[in-house]
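Q: A single structure is presented below for examination.
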Amino acid sequence: IMASELKVDKFTGITTAGEITITLENSETQILQKGLAKVTAHLTLAGASDSDAALNVSSVTDGSTGKNTLVVTNPFTSATAAVGNISNHDDSYNRGTGIRDASASEFETFMFQASSGSLSDDDTDHSVAIHGDLA
């Protein structure tokens with residue numbers, strides 16, 4: 001088998017535009033779009049977003065202590081069609097995170113102190129990735 005390099009500007013499925021099947025390990029297959037993050041963001045707890053890390057983010061607002069509301073530009077098919085994940089950046093390793101799908105286009109992120117369980121804005125920021133089916 002000869003190695004090759006493929007250079008393209010656009011991938012589109014033939015049968016269905018948004019369904020490109022790829023072959024994984026052990027000859028398993030997966031629809032490519034199902035494995036791609038549809039939203040990414042790097043947030044501070046003051047409701048700011050790093051635009052360099054943002055994908056499909058319309059706005060971020062400070063919801064209250066330890067809470068942000070993230071609004072996406074292109075909504076998901078439903079609130080339950082999205083699966084969110086958060087990582088936090090905290091040097092003291094004392095933070096927990098949570099994300100709630102409030103609607104198909106709005107997600108709430110939560111940052112709390114792991115030791116007390118209280119929502120907190122202290123010395124932390126976080127990154128969000130959301131997977132799912134866009135509407």
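We name chains A, B, ... following the order of the structure tokens; residues begin at 1 in each chain, and ligands are numbered from 1 as shown.
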If you run DSSP on the backbone, which residues of stretch 51-101 of chain A are strand (DSSP E or B), as a ChimeraX atom specification?

A: /A:55,57-64,67-72,76,82-89,95-101

Q: Those residues you just picked out, can you put them in a file as a compact mmCIF listing (two decimals), in the first residue's frame with C-alpha atoms?

A:
# COMPACT_ATOMS: atom_id res chain seq x y z
CA LEU A 55 -16.25 27.70 17.40
CA VAL A 57 -20.24 30.61 19.85
CA SER A 58 -22.67 33.53 19.58
CA SER A 59 -22.22 34.97 23.07
CA VAL A 60 -21.20 34.22 26.65
CA THR A 61 -22.73 35.97 29.63
CA ASP A 62 -21.89 35.94 33.32
CA GLY A 63 -24.88 34.22 34.92
CA SER A 64 -23.86 34.71 38.56
CA LYS A 67 -21.98 30.29 36.29
CA ASN A 68 -21.87 31.29 32.61
CA THR A 69 -24.45 31.05 29.87
CA LEU A 70 -23.06 30.04 26.49
CA VAL A 71 -25.23 30.71 23.43
CA VAL A 72 -24.37 28.93 20.20
CA PHE A 76 -28.52 21.57 17.98
CA ALA A 82 -25.84 17.79 22.66
CA VAL A 83 -23.18 16.27 24.89
CA GLY A 84 -20.99 18.78 26.69
CA ASN A 85 -17.62 18.41 28.38
CA ILE A 86 -15.64 20.94 30.43
CA SER A 87 -12.05 21.08 31.57
CA ASN A 88 -10.95 23.63 34.12
CA HIS A 89 -7.65 25.44 34.51
CA ARG A 95 -12.49 22.91 41.22
CA GLY A 96 -15.37 20.88 39.91
CA THR A 97 -17.27 21.62 36.73
CA GLY A 98 -20.66 21.02 35.25
CA ILE A 99 -22.59 21.82 32.09
CA ARG A 100 -26.35 21.83 31.56
CA ASP A 101 -28.17 21.89 28.25

Q: I want to know what sits within 8 Å of A:Leu32, based on only C-alpha atoms, with residues of the same chain fewer than 5 positions away left out; could you give that as a tab-separated table (two decimals) with N, CA, C and O atoms, in the first residue's frame?

A:
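Written out: part20.tsv:
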chain	number	residue	atom	x	y	z
A	19	GLU	N	-23.33	13.21	5.78
A	19	GLU	CA	-22.97	11.90	6.32
A	19	GLU	C	-21.83	11.30	5.52
A	19	GLU	O	-22.04	10.73	4.46
A	20	ILE	N	-20.64	11.44	6.06
A	20	ILE	CA	-19.45	10.84	5.47
A	20	ILE	C	-19.00	9.75	6.42
A	20	ILE	O	-18.71	10.01	7.60
A	21	THR	N	-18.94	8.52	5.95
A	21	THR	CA	-18.57	7.39	6.78
A	21	THR	C	-17.06	7.17	6.70
A	21	THR	O	-16.49	7.17	5.62
A	22	ILE	N	-16.44	7.01	7.87
A	22	ILE	CA	-15.01	6.72	7.92
A	22	ILE	C	-14.82	5.34	8.56
A	22	ILE	O	-15.66	4.88	9.33

Q: Using only C-alpha atoms, which of the listed residues (A:Asp122, A:Asp133, A:Glu5, A:Glu108) sits closest to A:Pro75?

A: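 Counting only C-alpha atoms, the residue closest to A:Pro75 is A:Asp133.
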
Q: Name the closest residue to A:Ala81 among the candidates A:Ser4, A:Phe11, A:Gly132, A:Ala41; distances are taken between atoms, counting only C-alpha atoms.

A: A:Gly132

Q: Just list as number ranges by chain whatever in stretch 1-130 of chain A DSSP marks as helix (DSSP H, G or I).

A: A: 25-27, 32-35, 51-53, 79-81

Q: Take the residues from that selection and put them in a file with all heavy atoms, as a PDB file, in the first residue's frame.

A:
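Final output, selection_3.pdb:
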ATOM      1  N   GLU A  25     -10.579   1.707  13.701  1.00  0.00           N
ATOM      2  CA  GLU A  25      -9.865   0.483  14.017  1.00  0.00           C
ATOM      3  C   GLU A  25     -10.807  -0.710  13.928  1.00  0.00           C
ATOM      4  O   GLU A  25     -12.002  -0.577  14.080  1.00  0.00           O
ATOM      5  CB  GLU A  25      -9.278   0.463  15.402  1.00  0.00           C
ATOM      6  CG  GLU A  25      -9.014   1.557  16.328  1.00  0.00           C
ATOM      7  CD  GLU A  25      -9.673   2.852  16.358  1.00  0.00           C
ATOM      8  OE1 GLU A  25     -10.848   2.920  16.717  1.00  0.00           O
ATOM      9  OE2 GLU A  25      -9.010   3.834  16.060  1.00  0.00           O
ATOM     10  N   ASN A  26     -10.233  -1.881  13.695  1.00  0.00           N
ATOM     11  CA  ASN A  26     -10.990  -3.135  13.612  1.00  0.00           C
ATOM     12  C   ASN A  26     -12.101  -3.098  12.574  1.00  0.00           C
ATOM     13  O   ASN A  26     -13.131  -3.756  12.729  1.00  0.00           O
ATOM     14  CB  ASN A  26     -11.575  -3.511  14.982  1.00  0.00           C
ATOM     15  CG  ASN A  26     -10.497  -3.697  16.014  1.00  0.00           C
ATOM     16  OD1 ASN A  26      -9.447  -4.255  15.719  1.00  0.00           O
ATOM     17  ND2 ASN A  26     -10.727  -3.220  17.217  1.00  0.00           N
ATOM     18  N   SER A  27     -11.943  -2.268  11.561  1.00  0.00           N
ATOM     19  CA  SER A  27     -12.906  -2.132  10.452  1.00  0.00           C
ATOM     20  C   SER A  27     -14.277  -1.631  10.885  1.00  0.00           C
ATOM     21  O   SER A  27     -15.256  -1.781  10.158  1.00  0.00           O
ATOM     22  CB  SER A  27     -13.052  -3.463   9.698  1.00  0.00           C
ATOM     23  OG  SER A  27     -11.808  -3.842   9.148  1.00  0.00           O
ATOM     24  N   LEU A  32     -18.459  10.587  10.189  1.00  0.00           N
ATOM     25  CA  LEU A  32     -17.447  11.583  10.539  1.00  0.00           C
ATOM     26  C   LEU A  32     -18.027  12.728  11.370  1.00  0.00           C
ATOM     27  O   LEU A  32     -17.468  13.113  12.401  1.00  0.00           O
ATOM     28  CB  LEU A  32     -16.793  12.134   9.264  1.00  0.00           C
ATOM     29  CG  LEU A  32     -15.775  13.253   9.438  1.00  0.00           C
ATOM     30  CD1 LEU A  32     -14.553  12.767  10.188  1.00  0.00           C
ATOM     31  CD2 LEU A  32     -15.380  13.817   8.078  1.00  0.00           C
ATOM     32  N   GLN A  33     -19.147  13.275  10.965  1.00  0.00           N
ATOM     33  CA  GLN A  33     -19.722  14.434  11.640  1.00  0.00           C
ATOM     34  C   GLN A  33     -20.117  14.145  13.084  1.00  0.00           C
ATOM     35  O   GLN A  33     -20.126  15.036  13.920  1.00  0.00           O
ATOM     36  CB  GLN A  33     -20.948  14.955  10.874  1.00  0.00           C
ATOM     37  CG  GLN A  33     -20.597  15.556   9.539  1.00  0.00           C
ATOM     38  CD  GLN A  33     -20.437  14.530   8.417  1.00  0.00           C
ATOM     39  OE1 GLN A  33     -20.281  13.330   8.641  1.00  0.00           O
ATOM     40  NE2 GLN A  33     -20.450  14.998   7.188  1.00  0.00           N
ATOM     41  N   LYS A  34     -20.418  12.887  13.408  1.00  0.00           N
ATOM     42  CA  LYS A  34     -20.793  12.526  14.786  1.00  0.00           C
ATOM     43  C   LYS A  34     -19.615  12.655  15.741  1.00  0.00           C
ATOM     44  O   LYS A  34     -19.794  12.835  16.930  1.00  0.00           O
ATOM     45  CB  LYS A  34     -21.327  11.096  14.838  1.00  0.00           C
ATOM     46  CG  LYS A  34     -22.570  10.867  14.046  1.00  0.00           C
ATOM     47  CD  LYS A  34     -23.766  11.130  14.859  1.00  0.00           C
ATOM     48  CE  LYS A  34     -25.008  10.736  14.064  1.00  0.00           C
ATOM     49  NZ  LYS A  34     -26.208  11.189  14.702  1.00  0.00           N
ATOM     50  N   GLY A  35     -18.389  12.557  15.223  1.00  0.00           N
ATOM     51  CA  GLY A  35     -17.213  12.608  16.079  1.00  0.00           C
ATOM     52  C   GLY A  35     -16.574  13.976  16.193  1.00  0.00           C
ATOM     53  O   GLY A  35     -15.585  14.146  16.895  1.00  0.00           O
ATOM     54  N   SER A  51     -11.816  34.525  21.736  1.00  0.00           N
ATOM     55  CA  SER A  51     -12.320  34.344  20.373  1.00  0.00           C
ATOM     56  C   SER A  51     -11.456  33.391  19.557  1.00  0.00           C
ATOM     57  O   SER A  51     -11.951  32.747  18.630  1.00  0.00           O
ATOM     58  CB  SER A  51     -12.448  35.687  19.661  1.00  0.00           C
ATOM     59  OG  SER A  51     -11.186  36.322  19.575  1.00  0.00           O
ATOM     60  N   ASP A  52     -10.161  33.271  19.874  1.00  0.00           N
ATOM     61  CA  ASP A  52      -9.300  32.342  19.141  1.00  0.00           C
ATOM     62  C   ASP A  52      -9.685  30.883  19.370  1.00  0.00           C
ATOM     63  O   ASP A  52      -9.403  30.029  18.542  1.00  0.00           O
ATOM     64  CB  ASP A  52      -7.833  32.530  19.540  1.00  0.00           C
ATOM     65  CG  ASP A  52      -7.268  33.845  19.049  1.00  0.00           C
ATOM     66  OD1 ASP A  52      -7.837  34.409  18.094  1.00  0.00           O
ATOM     67  OD2 ASP A  52      -6.275  34.307  19.619  1.00  0.00           O
ATOM     68  N   ALA A  53     -10.319  30.587  20.490  1.00  0.00           N
ATOM     69  CA  ALA A  53     -10.698  29.213  20.816  1.00  0.00           C
ATOM     70  C   ALA A  53     -12.177  28.943  20.547  1.00  0.00           C
ATOM     71  O   ALA A  53     -12.652  27.847  20.783  1.00  0.00           O
ATOM     72  CB  ALA A  53     -10.395  28.928  22.286  1.00  0.00           C
ATOM     73  N   ALA A  79     -32.105  20.039  22.889  1.00  0.00           N
ATOM     74  CA  ALA A  79     -31.198  20.175  24.038  1.00  0.00           C
ATOM     75  C   ALA A  79     -30.528  18.854  24.349  1.00  0.00           C
ATOM     76  O   ALA A  79     -29.345  18.798  24.667  1.00  0.00           O
ATOM     77  CB  ALA A  79     -31.957  20.686  25.255  1.00  0.00           C
ATOM     78  N   THR A  80     -31.262  17.770  24.220  1.00  0.00           N
ATOM     79  CA  THR A  80     -30.701  16.467  24.565  1.00  0.00           C
ATOM     80  C   THR A  80     -29.849  15.866  23.442  1.00  0.00           C
ATOM     81  O   THR A  80     -29.276  14.805  23.611  1.00  0.00           O
ATOM     82  CB  THR A  80     -31.820  15.471  24.946  1.00  0.00           C
ATOM     83  OG1 THR A  80     -32.744  15.385  23.846  1.00  0.00           O
ATOM     84  CG2 THR A  80     -32.540  15.930  26.199  1.00  0.00           C
ATOM     85  N   ALA A  81     -29.759  16.550  22.305  1.00  0.00           N
ATOM     86  CA  ALA A  81     -28.913  16.069  21.204  1.00  0.00           C
ATOM     87  C   ALA A  81     -27.460  16.471  21.410  1.00  0.00           C
ATOM     88  O   ALA A  81     -26.585  16.059  20.675  1.00  0.00           O
ATOM     89  CB  ALA A  81     -29.406  16.623  19.868  1.00  0.00           C
TER      90      ALA A  81
END

Q: Which residue out of A:Leu134, A:Ser103, A:Ala54, A:Asn94 has the minimum interatomic distance to A:Gly117 when only C-alpha atoms are used?

A: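 Nearest to A:Gly117: A:Asn94.
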
Q: What separation in Å, quoted to one decimal, exists between atom CA of A:Gly47 and atom CA of A:Tyr93?

A: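 Going from atom CA of A:Gly47 over to atom CA of A:Tyr93 covers 21.5 Å.
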
Q: Given only C-alpha atoms as the basis, pick out the residue of A:Thr12, A:Ser105, A:Thr44, A:Gln113 nearest to A:Thr73.

A: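 Closest to A:Thr73, using only C-alpha atoms: A:Ser105.
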
Q: Mind giving me the straight-line distance from atom CA of A:Ser49 to atom CA of A:Val128 in Å, one decimal?

A: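 Atom CA of A:Ser49 sits 10.6 Å away from atom CA of A:Val128.
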
Q: Would you work out the distance separating atom CA of A:Phe110 from atom CA of A:Asn74, expressed in Å to one decimal?

A: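 One can read the atom CA of A:Phe110 to atom CA of A:Asn74 distance as 22.0 Å.
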